[in-house]
$ cat coords12.csv   # CSV, C-alpha atoms
chain,number,residue,atom,x,y,z
A,623,MET,CA,7.3,45.5,54.1
A,624,VAL,CA,4.1,45.1,52.1
A,625,ASP,CA,4.4,42.7,49.2
A,626,ALA,CA,4.5,44.4,45.8
A,627,GLY,CA,1.9,41.9,44.3
A,628,GLU,CA,-0.5,42.7,47.1
A,629,ARG,CA,-0.1,46.4,46.5
A,630,ALA,CA,-0.8,46.0,42.8
A,631,TYR,CA,-3.8,43.8,43.5
A,632,ALA,CA,-5.2,46.2,46.1
A,633,TYR,CA,-4.8,49.2,43.8
A,634,THR,CA,-6.4,47.4,40.8
A,635,LYS,CA,-9.4,46.4,43.0
A,636,ALA,CA,-9.7,50.0,44.3
A,637,CYS,CA,-9.7,51.4,40.7
A,638,GLY,CA,-12.5,49.0,39.7
A,639,ILE,CA,-14.6,50.1,42.7
A,640,ILE,CA,-13.9,53.8,42.2
A,641,GLY,CA,-15.1,53.4,38.5
A,642,LYS,CA,-18.5,52.4,39.8
A,643,SER,CA,-18.7,54.9,42.6
A,644,PHE,CA,-20.9,58.0,42.7
A,645,ILE,CA,-18.0,60.5,42.6
A,646,GLY,CA,-16.6,62.8,39.9
A,647,LYS,CA,-18.5,62.5,36.7
A,648,ARG,CA,-21.2,60.2,38.2
A,649,ILE,CA,-22.3,62.8,40.8
A,650,PRO,CA,-24.7,64.5,38.3
A,651,GLU,CA,-26.7,61.2,38.1
A,652,LEU,CA,-28.0,61.9,41.6
A,653,THR,CA,-29.7,65.2,40.6
A,654,ALA,CA,-32.5,63.6,38.6
A,655,LEU,CA,-33.7,61.5,41.5
A,656,ARG,CA,-37.1,62.2,43.1
A,657,THR,CA,-37.8,59.2,45.4
A,658,HIS,CA,-35.9,56.8,47.6
A,659,SER,CA,-37.0,54.0,45.2
A,660,GLU,CA,-35.1,55.7,42.4
A,661,LEU,CA,-32.1,56.2,44.6
A,662,ASP,CA,-32.3,52.5,45.5
A,663,ARG,CA,-32.4,51.4,41.8
A,664,LEU,CA,-29.5,53.7,41.0
A,665,VAL,CA,-27.2,52.6,43.8
A,666,PHE,CA,-28.2,49.0,44.0
A,667,PRO,CA,-29.2,47.9,40.5
A,668,GLY,CA,-30.7,44.4,40.6
A,669,GLN,CA,-30.7,44.4,44.4
A,670,ARG,CA,-33.4,47.0,45.2
A,671,HIS,CA,-35.8,46.4,48.1
A,672,ASP,CA,-39.5,46.7,47.4
A,673,LEU,CA,-40.6,48.7,50.4
A,674,PRO,CA,-42.9,51.7,51.1
A,675,GLU,CA,-41.0,55.0,50.9
A,676,ARG,CA,-41.2,55.6,54.7
A,677,GLU,CA,-39.7,52.1,55.5
A,678,LEU,CA,-37.2,52.3,52.7
A,679,LEU,CA,-35.4,55.4,54.2
A,680,GLY,CA,-33.7,53.6,57.1
A,681,ASP,CA,-33.2,50.4,55.1
A,682,LEU,CA,-31.5,52.2,52.3
A,683,GLU,CA,-29.2,54.3,54.5
A,684,LEU,CA,-28.1,51.2,56.3
A,685,ARG,CA,-27.3,49.5,53.0
A,686,ILE,CA,-25.4,52.6,51.8
A,687,ILE,CA,-23.2,52.5,54.9
A,688,LYS,CA,-22.7,48.8,54.6
A,689,ARG,CA,-21.8,49.2,50.9
A,690,ALA,CA,-19.1,51.7,51.8
A,691,VAL,CA,-17.6,49.6,54.6
A,692,ASP,CA,-17.7,46.4,52.5
A,693,SER,CA,-15.9,48.2,49.6
A,694,ILE,CA,-13.2,49.4,52.0
A,695,CYS,CA,-12.8,46.0,53.6
A,696,ALA,CA,-12.6,44.3,50.3
A,697,VAL,CA,-9.5,46.3,49.4
A,698,ILE,CA,-7.9,46.1,52.8
A,699,LYS,CA,-8.3,42.3,52.7
A,700,SER,CA,-6.2,42.2,49.6
A,701,PHE,CA,-3.3,42.3,52.1
A,702,ARG,CA,-2.4,39.2,54.1
A,703,GLU,CA,-1.3,41.6,56.9
A,704,PRO,CA,-3.0,44.9,56.2
A,705,PRO,CA,-0.9,48.0,57.1
A,706,GLN,CA,-2.0,49.3,60.5
A,707,ALA,CA,-2.6,52.8,59.0
A,708,LEU,CA,-5.4,51.4,56.8
A,709,LEU,CA,-7.0,49.6,59.7
A,710,ARG,CA,-6.9,52.8,61.8
A,711,LEU,CA,-8.5,54.7,59.0
A,712,LEU,CA,-11.3,52.1,58.7
A,713,GLN,CA,-11.9,52.4,62.4
A,714,SER,CA,-13.0,56.0,61.9
A,715,PHE,CA,-16.4,54.5,61.2
A,716,GLU,CA,-16.4,52.9,64.7
A,717,TYR,CA,-15.4,56.2,66.4
A,718,ALA,CA,-18.2,58.0,64.6
A,719,ASP,CA,-20.7,55.2,65.5
A,720,LEU,CA,-19.6,55.3,69.2
A,721,LYS,CA,-20.1,59.1,69.3
A,722,THR,CA,-23.5,58.8,67.8
A,723,CYS,CA,-24.5,56.1,70.4
A,724,LEU,CA,-23.2,58.4,73.2
A,725,HIS,CA,-25.4,61.2,72.0
A,726,TYR,CA,-28.4,58.8,71.7
A,727,LEU,CA,-27.8,57.7,75.3
A,728,ALA,CA,-27.5,61.3,76.5
A,729,GLU,CA,-30.9,62.0,74.9
A,730,GLY,CA,-32.4,59.0,76.6
A,731,LYS,CA,-33.1,57.1,73.3
A,732,SER,CA,-33.5,53.4,73.8
A,733,ASP,CA,-33.5,52.5,70.1
A,734,MET,CA,-30.1,51.8,68.7
A,735,PRO,CA,-28.9,54.2,65.9
A,736,LEU,CA,-27.7,53.1,62.5
A,737,VAL,CA,-24.1,51.9,62.8
A,738,SER,CA,-21.5,51.0,60.2
A,739,GLY,CA,-20.4,47.6,61.7
A,740,ILE,CA,-16.8,47.0,60.6
A,741,GLY,CA,-17.0,43.4,61.8
A,742,ASP,CA,-13.8,41.8,63.0
A,743,PHE,CA,-11.9,45.1,62.5
A,744,GLY,CA,-13.9,46.7,65.3
A,745,SER,CA,-14.0,46.2,69.1
A,746,VAL,CA,-17.2,47.8,70.3
A,747,LYS,CA,-20.2,45.5,70.8
A,748,PHE,CA,-22.9,47.8,69.4
A,749,GLU,CA,-25.5,45.0,69.6
A,750,LYS,CA,-25.4,45.5,73.4
A,751,TYR,CA,-26.8,49.0,73.2
A,752,PRO,CA,-28.1,50.7,75.3
A,753,ASP,CA,-25.9,49.0,78.0
A,754,LEU,CA,-22.7,51.1,77.6
A,755,ARG,CA,-20.7,49.0,80.0
A,756,LEU,CA,-21.4,45.8,77.9
A,757,MET,CA,-20.8,47.7,74.7
A,758,LEU,CA,-17.3,48.8,75.7
A,759,LYS,CA,-16.2,45.9,77.9
A,760,GLY,CA,-13.0,44.5,76.4
A,761,SER,CA,-12.8,47.2,73.7
A,762,GLU,CA,-10.1,49.8,73.3
A,763,PHE,CA,-12.7,52.4,74.5
A,764,ASN,CA,-13.1,50.8,77.9
A,765,PHE,CA,-11.4,53.9,79.5
A,766,LEU,CA,-14.6,55.9,78.8
A,767,LEU,CA,-16.5,54.1,81.5
A,768,GLU,CA,-14.4,55.9,84.1
A,769,LYS,CA,-14.9,59.3,82.5
A,770,LEU,CA,-18.7,59.4,82.0
A,771,PRO,CA,-21.2,59.7,84.8
A,772,GLU,CA,-24.0,57.2,85.0
A,773,LYS,CA,-26.4,59.8,83.6
A,774,PHE,CA,-24.9,62.3,81.3
A,775,CYS,CA,-26.0,64.9,78.8
A,776,ASP,CA,-24.7,66.3,75.5
A,777,THR,CA,-22.7,69.0,77.3
A,778,ASP,CA,-20.7,66.3,79.1
A,779,LEU,CA,-19.7,64.8,75.8
A,780,ILE,CA,-17.7,67.8,74.5
A,781,ALA,CA,-14.6,66.8,76.3
A,782,VAL,CA,-15.1,63.1,75.5
A,783,GLU,CA,-15.5,63.9,71.8
A,784,THR,CA,-12.3,65.9,71.9
A,785,GLU,CA,-10.5,63.1,73.6
A,786,LEU,CA,-11.8,60.5,71.1
A,787,ASP,CA,-10.8,62.6,68.2
A,788,LEU,CA,-7.3,63.2,69.6
A,789,ARG,CA,-6.9,59.5,70.4
A,790,TYR,CA,-8.0,58.5,66.9
A,791,TYR,CA,-5.6,61.0,65.1
A,792,LEU,CA,-2.6,60.3,67.3
A,793,LEU,CA,-2.9,56.6,66.7
A,794,LEU,CA,-3.4,57.1,63.0
A,795,LEU,CA,-0.3,59.4,62.8
A,796,GLU,CA,1.7,56.8,64.8
A,797,SER,CA,0.7,54.1,62.3
A,798,LEU,CA,1.6,56.3,59.3
A,799,ASN,CA,5.0,57.0,60.8
A,800,GLU,CA,5.7,53.3,60.7
A,801,LEU,CA,5.5,53.3,56.9
A,802,SER,CA,8.3,54.2,54.4
A,803,GLY,CA,8.5,57.7,53.1
A,804,GLU,CA,6.8,57.0,49.8
A,805,ASP,CA,4.0,55.1,51.5
A,806,ARG,CA,3.2,57.8,53.9
A,807,LYS,CA,4.0,61.1,52.2
A,808,ILE,CA,0.7,61.7,50.4
A,809,ALA,CA,-1.4,60.3,53.3
A,810,CYS,CA,0.4,62.7,55.7
A,811,VAL,CA,-0.4,65.7,53.5
A,812,VAL,CA,-4.1,64.7,53.3
A,813,LEU,CA,-4.3,64.0,57.0
A,814,SER,CA,-2.5,67.2,58.1
A,815,ASN,CA,-5.1,69.2,56.1
A,816,GLU,CA,-7.9,67.1,57.6
A,817,ILE,CA,-6.8,67.7,61.2
A,818,SER,CA,-6.4,71.4,60.7
A,819,LEU,CA,-9.9,71.6,59.1
A,820,ARG,CA,-11.4,69.4,61.8
A,821,ASN,CA,-10.0,71.7,64.5
A,822,CYS,CA,-11.4,74.8,62.7
A,823,ALA,CA,-14.9,73.2,62.2
A,824,TRP,CA,-14.9,72.3,65.9
A,825,ALA,CA,-13.9,75.8,66.9
A,826,PHE,CA,-16.8,77.2,64.8
A,827,ARG,CA,-19.3,74.8,66.4
A,828,LEU,CA,-18.2,75.5,70.0
A,829,ARG,CA,-18.4,79.3,69.5
A,830,SER,CA,-21.6,79.3,67.4
A,831,TYR,CA,-23.7,76.5,68.9
A,832,PHE,CA,-22.4,76.4,72.5
A,833,ARG,CA,-21.6,80.1,72.8
A,834,MET,CA,-18.3,79.0,74.4
A,835,PRO,CA,-15.7,81.7,75.2
A,836,GLU,CA,-12.5,81.8,73.0
A,837,ASP,CA,-10.2,80.6,75.8
A,838,GLU,CA,-12.5,77.8,76.8
A,839,ALA,CA,-13.0,76.6,73.2
A,840,GLY,CA,-9.2,76.5,72.8
A,841,LYS,CA,-9.0,73.9,75.4
A,842,HIS,CA,-11.0,71.5,73.2
A,843,LEU,CA,-8.8,71.7,70.1
A,844,MET,CA,-6.4,69.0,69.1
A,845,ASP,CA,-2.9,70.5,69.4
A,846,ILE,CA,-1.3,67.7,67.3
A,847,ALA,CA,2.1,68.3,65.8
A,848,MET,CA,3.4,66.7,62.6
A,849,ARG,CA,7.1,66.6,61.8
A,850,LEU,CA,8.2,68.6,58.7
A,851,SER,CA,9.8,67.1,55.7
A,852,SER,CA,12.4,69.0,53.6
A,853,ASP,CA,9.8,70.3,51.1
A,854,ASP,CA,7.2,71.5,53.5
A,855,ASP,CA,6.4,75.2,53.2
A,856,ALA,CA,4.4,75.7,56.4
A,857,PRO,CA,4.4,79.3,57.7
A,858,LEU,CA,6.9,80.2,60.4
A,859,MET,CA,4.1,80.8,62.9
A,860,HIS,CA,3.0,77.2,62.6
A,861,ARG,CA,6.5,75.8,63.2
A,862,ARG,CA,8.0,74.7,66.5
A,863,ILE,CA,10.9,72.5,67.8
A,864,ASN,CA,10.1,69.2,69.5
A,865,PRO,CA,12.0,69.3,72.8
A,866,LYS,CA,12.3,65.5,72.9
A,867,ASN,CA,14.1,65.0,69.6
A,868,GLY,CA,15.0,68.5,68.3
A,869,GLU,CA,13.0,68.0,65.1
A,870,GLU,CA,11.1,70.8,63.5
A,871,GLU,CA,7.3,70.2,63.5
A,872,VAL,CA,4.1,72.0,62.6
A,873,SER,CA,1.1,72.5,64.9
A,874,LEU,CA,-2.1,71.4,63.2
A,875,ALA,CA,-4.2,73.6,65.6
A,876,THR,CA,-2.7,76.9,64.7
A,877,ASP,CA,-5.4,77.8,62.1
A,878,ALA,CA,-8.1,77.0,64.6
A,879,PHE,CA,-6.4,79.0,67.4
A,880,GLU,CA,-6.2,82.0,65.0
A,881,SER,CA,-9.9,81.7,64.2
A,882,LEU,CA,-11.0,81.9,67.8
A,883,TYR,CA,-10.2,85.6,68.0
A,884,LYS,CA,-11.9,86.6,64.8
A,885,PRO,CA,-15.5,88.0,64.9
A,886,LEU,CA,-18.2,85.7,63.8
A,887,ASP,CA,-20.2,88.5,62.2
A,888,GLN,CA,-17.5,90.4,60.2
A,889,ARG,CA,-16.4,88.6,57.0
A,890,SER,CA,-13.7,91.3,56.2
A,891,GLU,CA,-11.8,90.3,59.4
A,892,TRP,CA,-11.1,86.8,58.0
A,893,LYS,CA,-9.2,88.1,55.0
A,894,GLY,CA,-5.9,86.2,54.7
A,895,TRP,CA,-6.9,83.4,57.0
A,896,ARG,CA,-5.7,80.1,55.6
A,897,TRP,CA,-9.1,78.5,55.1
A,898,GLU,CA,-10.9,81.8,54.1
A,899,LYS,CA,-12.1,80.3,50.8
A,900,LEU,CA,-14.2,77.7,52.7
A,901,LEU,CA,-16.2,80.3,54.6
A,902,ASN,CA,-19.8,81.0,53.6
A,903,PRO,CA,-20.1,84.1,51.4
A,904,GLU,CA,-21.7,87.4,52.4
A,905,LYS,CA,-25.4,87.8,51.7
A,906,PRO,CA,-26.6,90.2,49.0
A,907,ASP,CA,-27.3,92.9,51.6
A,908,GLY,CA,-23.7,92.7,52.9
A,909,THR,CA,-24.5,91.0,56.2
A,910,TRP,CA,-22.6,87.9,57.2
A,911,GLU,CA,-22.4,85.4,60.1
A,912,ALA,CA,-20.1,82.4,60.1
A,913,ASN,CA,-21.9,79.2,59.3
A,914,PRO,CA,-20.2,76.2,60.9
A,915,ARG,CA,-22.3,73.7,58.7
A,916,TYR,CA,-21.3,75.5,55.5
A,917,PHE,CA,-17.6,75.4,56.5
A,918,GLN,CA,-17.8,71.7,57.5
A,919,ASN,CA,-19.4,70.8,54.1
A,920,ALA,CA,-16.9,72.8,52.1
A,921,ALA,CA,-14.0,71.3,54.1
A,922,ALA,CA,-15.3,67.7,53.4
A,923,TYR,CA,-15.5,68.5,49.7
A,924,TYR,CA,-12.0,70.0,49.7
A,925,LEU,CA,-10.6,66.9,51.3
A,926,TYR,CA,-12.4,64.7,48.9
A,927,ARG,CA,-11.0,66.6,45.9
A,928,MET,CA,-7.5,66.3,47.4
A,929,ALA,CA,-7.8,62.6,48.0
A,930,LEU,CA,-9.2,62.1,44.4
A,931,SER,CA,-6.4,64.1,42.8
A,932,HIS,CA,-3.8,62.1,44.7
A,933,PHE,CA,-5.3,58.6,44.2
A,934,HIS,CA,-3.3,58.0,41.1
A,935,THR,CA,-0.2,59.9,42.1
A,936,ALA,CA,1.6,57.0,43.7
A,937,PRO,CA,-0.4,54.0,42.4
A,938,PHE,CA,1.1,51.1,44.3
A,939,SER,CA,1.7,52.9,47.6
A,940,VAL,CA,-0.2,52.6,50.9
A,941,SER,CA,-1.1,56.3,50.4
A,942,ALA,CA,-3.1,55.4,47.3
A,943,ILE,CA,-5.3,53.0,49.3
A,944,PHE,CA,-5.5,55.7,52.1
A,945,CYS,CA,-6.9,58.1,49.5
A,946,TYR,CA,-9.3,55.4,48.2
A,947,ILE,CA,-10.8,55.0,51.7
A,948,LYS,CA,-11.2,58.8,52.1
A,949,ILE,CA,-13.0,58.8,48.7
A,950,LYS,CA,-15.4,56.0,49.7
A,951,GLN,CA,-16.1,57.8,53.0
A,952,PHE,CA,-17.1,60.9,51.1
A,953,GLU,CA,-19.3,59.0,48.8
A,954,GLU,CA,-21.2,57.4,51.7
A,955,ASP,CA,-21.7,60.9,53.3
A,956,LEU,CA,-23.0,62.1,49.9
A,957,LEU,CA,-25.4,59.3,49.3
A,958,THR,CA,-26.8,59.4,52.9
A,959,SER,CA,-27.2,63.1,52.6
A,960,VAL,CA,-29.2,62.8,49.4
A,961,SER,CA,-31.4,60.2,51.0
A,962,GLU,CA,-32.0,62.4,54.0
A,963,GLY,CA,-32.8,65.3,51.7
A,964,LEU,CA,-35.3,63.3,49.8
A,965,ALA,CA,-37.0,62.5,53.1
A,966,LEU,CA,-37.3,66.2,53.7
A,967,GLY,CA,-38.8,66.8,50.3
A,968,MET,CA,-35.6,68.4,49.0
A,969,ASN,CA,-34.3,68.2,45.4
A,970,PRO,CA,-31.0,66.3,45.3
A,971,ALA,CA,-29.5,69.3,43.3
A,972,ASP,CA,-30.2,71.5,46.3
A,973,VAL,CA,-28.7,68.9,48.6
A,974,LEU,CA,-25.5,68.9,46.6
A,975,THR,CA,-25.4,72.7,46.7
A,976,LEU,CA,-25.7,72.6,50.5
A,977,LEU,CA,-22.9,70.1,50.6
A,978,GLU,CA,-20.8,72.5,48.4
A,979,VAL,CA,-20.4,69.7,45.8
A,980,SER,CA,-21.7,71.9,43.0
A,981,ARG,CA,-19.1,74.6,43.7

$ encode --input "coords12.csv" --output "structure tokens"
Amino acid sequence: MVDAGERAYAYTKACGIIGKSFIGKRIPELTALRTHSELDRLVFPGQRHDLPERELLGDLELRIIKRAVDSICAVIKSFREPPQALLRLLQSFEYADLKTCLHYLAEGKSDMPLVSGIGDFGSVKFEKYPDLRLMLKGSEFNFLLEKLPEKFCDTDLIAVETELDLRYYLLLLESLNELSGEDRKIACVVLSNEISLRNCAWAFRLRSYFRMPEDEAGKHLMDIAMRLSSDDDAPLMHRRINPKNGEEEVSLATDAFESLYKPLDQRSEWKGWRWEKLLNPEKPDGTWEANPRYFQNAAAYYLYRMALSHFHTAPFSVSAIFCYIKIKQFEEDLLTSVSEGLALGMNPADVLTLLEVSR
């Protein structure tokens, strides 16, 4: 049982950090920026780095990532024994960093990519890059060494990414189920939506970018089930009975499986699909083609709004800190996207539009 005083302290600290974050009413402050120096001054007042624009790009993005991780760790460390669910959520940074490193290695890049670095909460030795064996030795990802050939390419990584995602979400759900009902309720709602959307985004990518047949793409979805509570209103088609315990549960891959058999060039065929509102609109001439990037951005913004709306719902619960971490992760993505947009000569307002933030 998490101490009540620790809960209150963690929530109060999270509220203070959220108040200074670039979310909600502070997002419009990003639209007036024109250079990385201006972004540096806005995000790091009094701590800006006096570097040429070209050098500032990588330096700034690394500090933005570190800022997010430090903010999350500061709240997690409010607990003498942090709930495992929060630690698992923090480790999403490590999973993402590992997948980035694997793609770098597949492309033959010897320079190490930017990584979050979650310190003692992580297990991968990223400083050993590009030696994958030394990176993963003794970590919870050591099993990958048996699955990857010595020389691999991006195509080899599709199954590995699916397995990593499945592993991450199963462990996260397992840790949430260890919590009391009040502590896990909101977090489970947010997470169930996230897994469904993640599956759908992955299905779009596999079909659009890799031209993968529907049946083959379906093999790479995370068919994760979550047990239903008494007030869940999941459609009957999503429900099933767990043969091990007889409990009714809902499949979080159903929406993605449904999407596999819908045409990617006929918007009208998607009417009534659960996540239809997150699809890109038709063009003025009436033509349409599913845009995986648009859907992914819209899904990220949808989840951010959900986490933000639930942050104050149960103030001293573990779910509140769960939502706080999701909010900080979104802010990091937002700031790094603005930085990358500036490097491409884009107006931040246009970047926010691409990210569906201005919807």

$ closest_residue --input "coords12.csv" --among "A:Arg702, A:Arg689, A:Arg676, A:Lys807" --to "Ala632 (chain A)" --atoms "all atoms listed in the file"
A:Arg702

$ residues_near_point --input "coords12.csv" --point "(-22.0, 67.5, 40.7)" --cutoff "12 Å" --atoms "all atoms listed in the file" --output "list of chain:residue names"
A:Phe644, A:Ile645, A:Gly646, A:Lys647, A:Arg648, A:Ile649, A:Pro650, A:Glu651, A:Leu652, A:Thr653, A:Ala654, A:Tyr923, A:Leu956, A:Pro970, A:Ala971, A:Asp972, A:Val973, A:Leu974, A:Thr975, A:Leu976, A:Leu977, A:Glu978, A:Val979, A:Ser980, A:Arg981

$ closest_residue --input "coords12.csv" --among "A:Leu957, A:Ala912, A:Leu882, A:Val940" --to "Leu798 (chain A)" --atoms "only C-alpha atoms"
A:Val940

$ residues_around --input "coords12.csv" --residues "Leu788 (chain A)" --least-positions-apart "4" --cutoff "9 Å" --atoms "all atoms listed in the file" --output "compact mmCIF listing (two decimals) with C-alpha atoms, in the coordinates of the input"
# COMPACT_ATOMS: atom_id res chain seq x y z
CA GLU A 783 -15.50 63.90 71.80
CA THR A 784 -12.30 65.90 71.90
CA LEU A 792 -2.60 60.30 67.30
CA LEU A 793 -2.90 56.60 66.70
CA LEU A 843 -8.80 71.70 70.10
CA MET A 844 -6.40 69.00 69.10
CA ASP A 845 -2.90 70.50 69.40
CA ILE A 846 -1.30 67.70 67.30

$ residues_around --input "coords12.csv" --residues "Cys775 (chain A)" --least-positions-apart "3" --cutoff "9 Å" --atoms "only C-alpha atoms" --output "NGL selection string"
:A and (725 or 727-730 or 778-779)

$ build_atoms --input "coords12.csv" --residues "region 728-751 of chain A" --atoms "N, CA and C atoms" --output "PDB file, in the coordinates of the input"
ATOM      1  N   ALA A 728     -27.328  60.055  75.792  1.00  0.00           N
ATOM      2  CA  ALA A 728     -27.500  61.300  76.500  1.00  0.00           C
ATOM      3  C   ALA A 728     -28.897  61.878  76.344  1.00  0.00           C
ATOM      4  N   GLU A 729     -29.515  61.575  75.201  1.00  0.00           N
ATOM      5  CA  GLU A 729     -30.900  62.000  74.900  1.00  0.00           C
ATOM      6  C   GLU A 729     -31.925  61.061  75.423  1.00  0.00           C
ATOM      7  N   GLY A 730     -31.473  59.954  76.036  1.00  0.00           N
ATOM      8  CA  GLY A 730     -32.400  59.000  76.600  1.00  0.00           C
ATOM      9  C   GLY A 730     -33.069  58.089  75.572  1.00  0.00           C
ATOM     10  N   LYS A 731     -32.476  57.940  74.400  1.00  0.00           N
ATOM     11  CA  LYS A 731     -33.100  57.100  73.300  1.00  0.00           C
ATOM     12  C   LYS A 731     -32.714  55.646  73.580  1.00  0.00           C
ATOM     13  N   SER A 732     -33.722  54.802  73.587  1.00  0.00           N
ATOM     14  CA  SER A 732     -33.500  53.400  73.800  1.00  0.00           C
ATOM     15  C   SER A 732     -33.254  52.611  72.525  1.00  0.00           C
ATOM     16  N   ASP A 733     -33.721  53.165  71.385  1.00  0.00           N
ATOM     17  CA  ASP A 733     -33.500  52.500  70.100  1.00  0.00           C
ATOM     18  C   ASP A 733     -32.106  52.750  69.588  1.00  0.00           C
ATOM     19  N   MET A 734     -31.465  51.701  69.163  1.00  0.00           N
ATOM     20  CA  MET A 734     -30.100  51.800  68.700  1.00  0.00           C
ATOM     21  C   MET A 734     -30.028  52.545  67.352  1.00  0.00           C
ATOM     22  N   PRO A 735     -29.069  53.473  67.188  1.00  0.00           N
ATOM     23  CA  PRO A 735     -28.900  54.200  65.900  1.00  0.00           C
ATOM     24  C   PRO A 735     -28.326  53.308  64.839  1.00  0.00           C
ATOM     25  N   LEU A 736     -28.357  53.774  63.593  1.00  0.00           N
ATOM     26  CA  LEU A 736     -27.700  53.100  62.500  1.00  0.00           C
ATOM     27  C   LEU A 736     -26.197  53.072  62.749  1.00  0.00           C
ATOM     28  N   VAL A 737     -25.546  51.932  62.634  1.00  0.00           N
ATOM     29  CA  VAL A 737     -24.100  51.900  62.800  1.00  0.00           C
ATOM     30  C   VAL A 737     -23.463  51.175  61.613  1.00  0.00           C
ATOM     31  N   SER A 738     -22.189  51.488  61.395  1.00  0.00           N
ATOM     32  CA  SER A 738     -21.500  51.000  60.200  1.00  0.00           C
ATOM     33  C   SER A 738     -21.212  49.467  60.343  1.00  0.00           C
ATOM     34  N   GLY A 739     -20.737  49.059  61.518  1.00  0.00           N
ATOM     35  CA  GLY A 739     -20.400  47.600  61.700  1.00  0.00           C
ATOM     36  C   GLY A 739     -19.241  47.191  60.885  1.00  0.00           C
ATOM     37  N   ILE A 740     -18.015  47.390  61.404  1.00  0.00           N
ATOM     38  CA  ILE A 740     -16.800  47.000  60.600  1.00  0.00           C
ATOM     39  C   ILE A 740     -16.347  45.602  60.975  1.00  0.00           C
ATOM     40  N   GLY A 741     -17.240  44.812  61.560  1.00  0.00           N
ATOM     41  CA  GLY A 741     -17.000  43.400  61.800  1.00  0.00           C
ATOM     42  C   GLY A 741     -15.766  43.122  62.654  1.00  0.00           C
ATOM     43  N   ASP A 742     -14.914  42.211  62.209  1.00  0.00           N
ATOM     44  CA  ASP A 742     -13.800  41.800  63.000  1.00  0.00           C
ATOM     45  C   ASP A 742     -12.733  42.908  63.182  1.00  0.00           C
ATOM     46  N   PHE A 743     -12.839  43.968  62.386  1.00  0.00           N
ATOM     47  CA  PHE A 743     -11.900  45.100  62.500  1.00  0.00           C
ATOM     48  C   PHE A 743     -12.272  46.020  63.654  1.00  0.00           C
ATOM     49  N   GLY A 744     -13.448  45.841  64.240  1.00  0.00           N
ATOM     50  CA  GLY A 744     -13.900  46.700  65.300  1.00  0.00           C
ATOM     51  C   GLY A 744     -13.829  46.000  66.659  1.00  0.00           C
ATOM     52  N   SER A 745     -14.067  46.743  67.753  1.00  0.00           N
ATOM     53  CA  SER A 745     -14.000  46.200  69.100  1.00  0.00           C
ATOM     54  C   SER A 745     -15.238  46.462  69.933  1.00  0.00           C
ATOM     55  N   VAL A 746     -16.047  47.452  69.529  1.00  0.00           N
ATOM     56  CA  VAL A 746     -17.200  47.800  70.300  1.00  0.00           C
ATOM     57  C   VAL A 746     -18.379  46.857  69.980  1.00  0.00           C
ATOM     58  N   LYS A 747     -19.082  46.388  70.999  1.00  0.00           N
ATOM     59  CA  LYS A 747     -20.200  45.500  70.800  1.00  0.00           C
ATOM     60  C   LYS A 747     -21.503  46.319  70.732  1.00  0.00           C
ATOM     61  N   PHE A 748     -21.766  46.873  69.556  1.00  0.00           N
ATOM     62  CA  PHE A 748     -22.900  47.800  69.400  1.00  0.00           C
ATOM     63  C   PHE A 748     -24.242  47.067  69.637  1.00  0.00           C
ATOM     64  N   GLU A 749     -24.259  45.767  69.441  1.00  0.00           N
ATOM     65  CA  GLU A 749     -25.500  45.000  69.600  1.00  0.00           C
ATOM     66  C   GLU A 749     -25.950  45.028  71.100  1.00  0.00           C
ATOM     67  N   LYS A 750     -25.067  45.412  72.016  1.00  0.00           N
ATOM     68  CA  LYS A 750     -25.400  45.500  73.400  1.00  0.00           C
ATOM     69  C   LYS A 750     -26.055  46.807  73.829  1.00  0.00           C
ATOM     70  N   TYR A 751     -26.195  47.728  72.880  1.00  0.00           N
ATOM     71  CA  TYR A 751     -26.800  49.000  73.200  1.00  0.00           C
ATOM     72  C   TYR A 751     -28.238  48.750  73.731  1.00  0.00           C
TER      73      TYR A 751
END
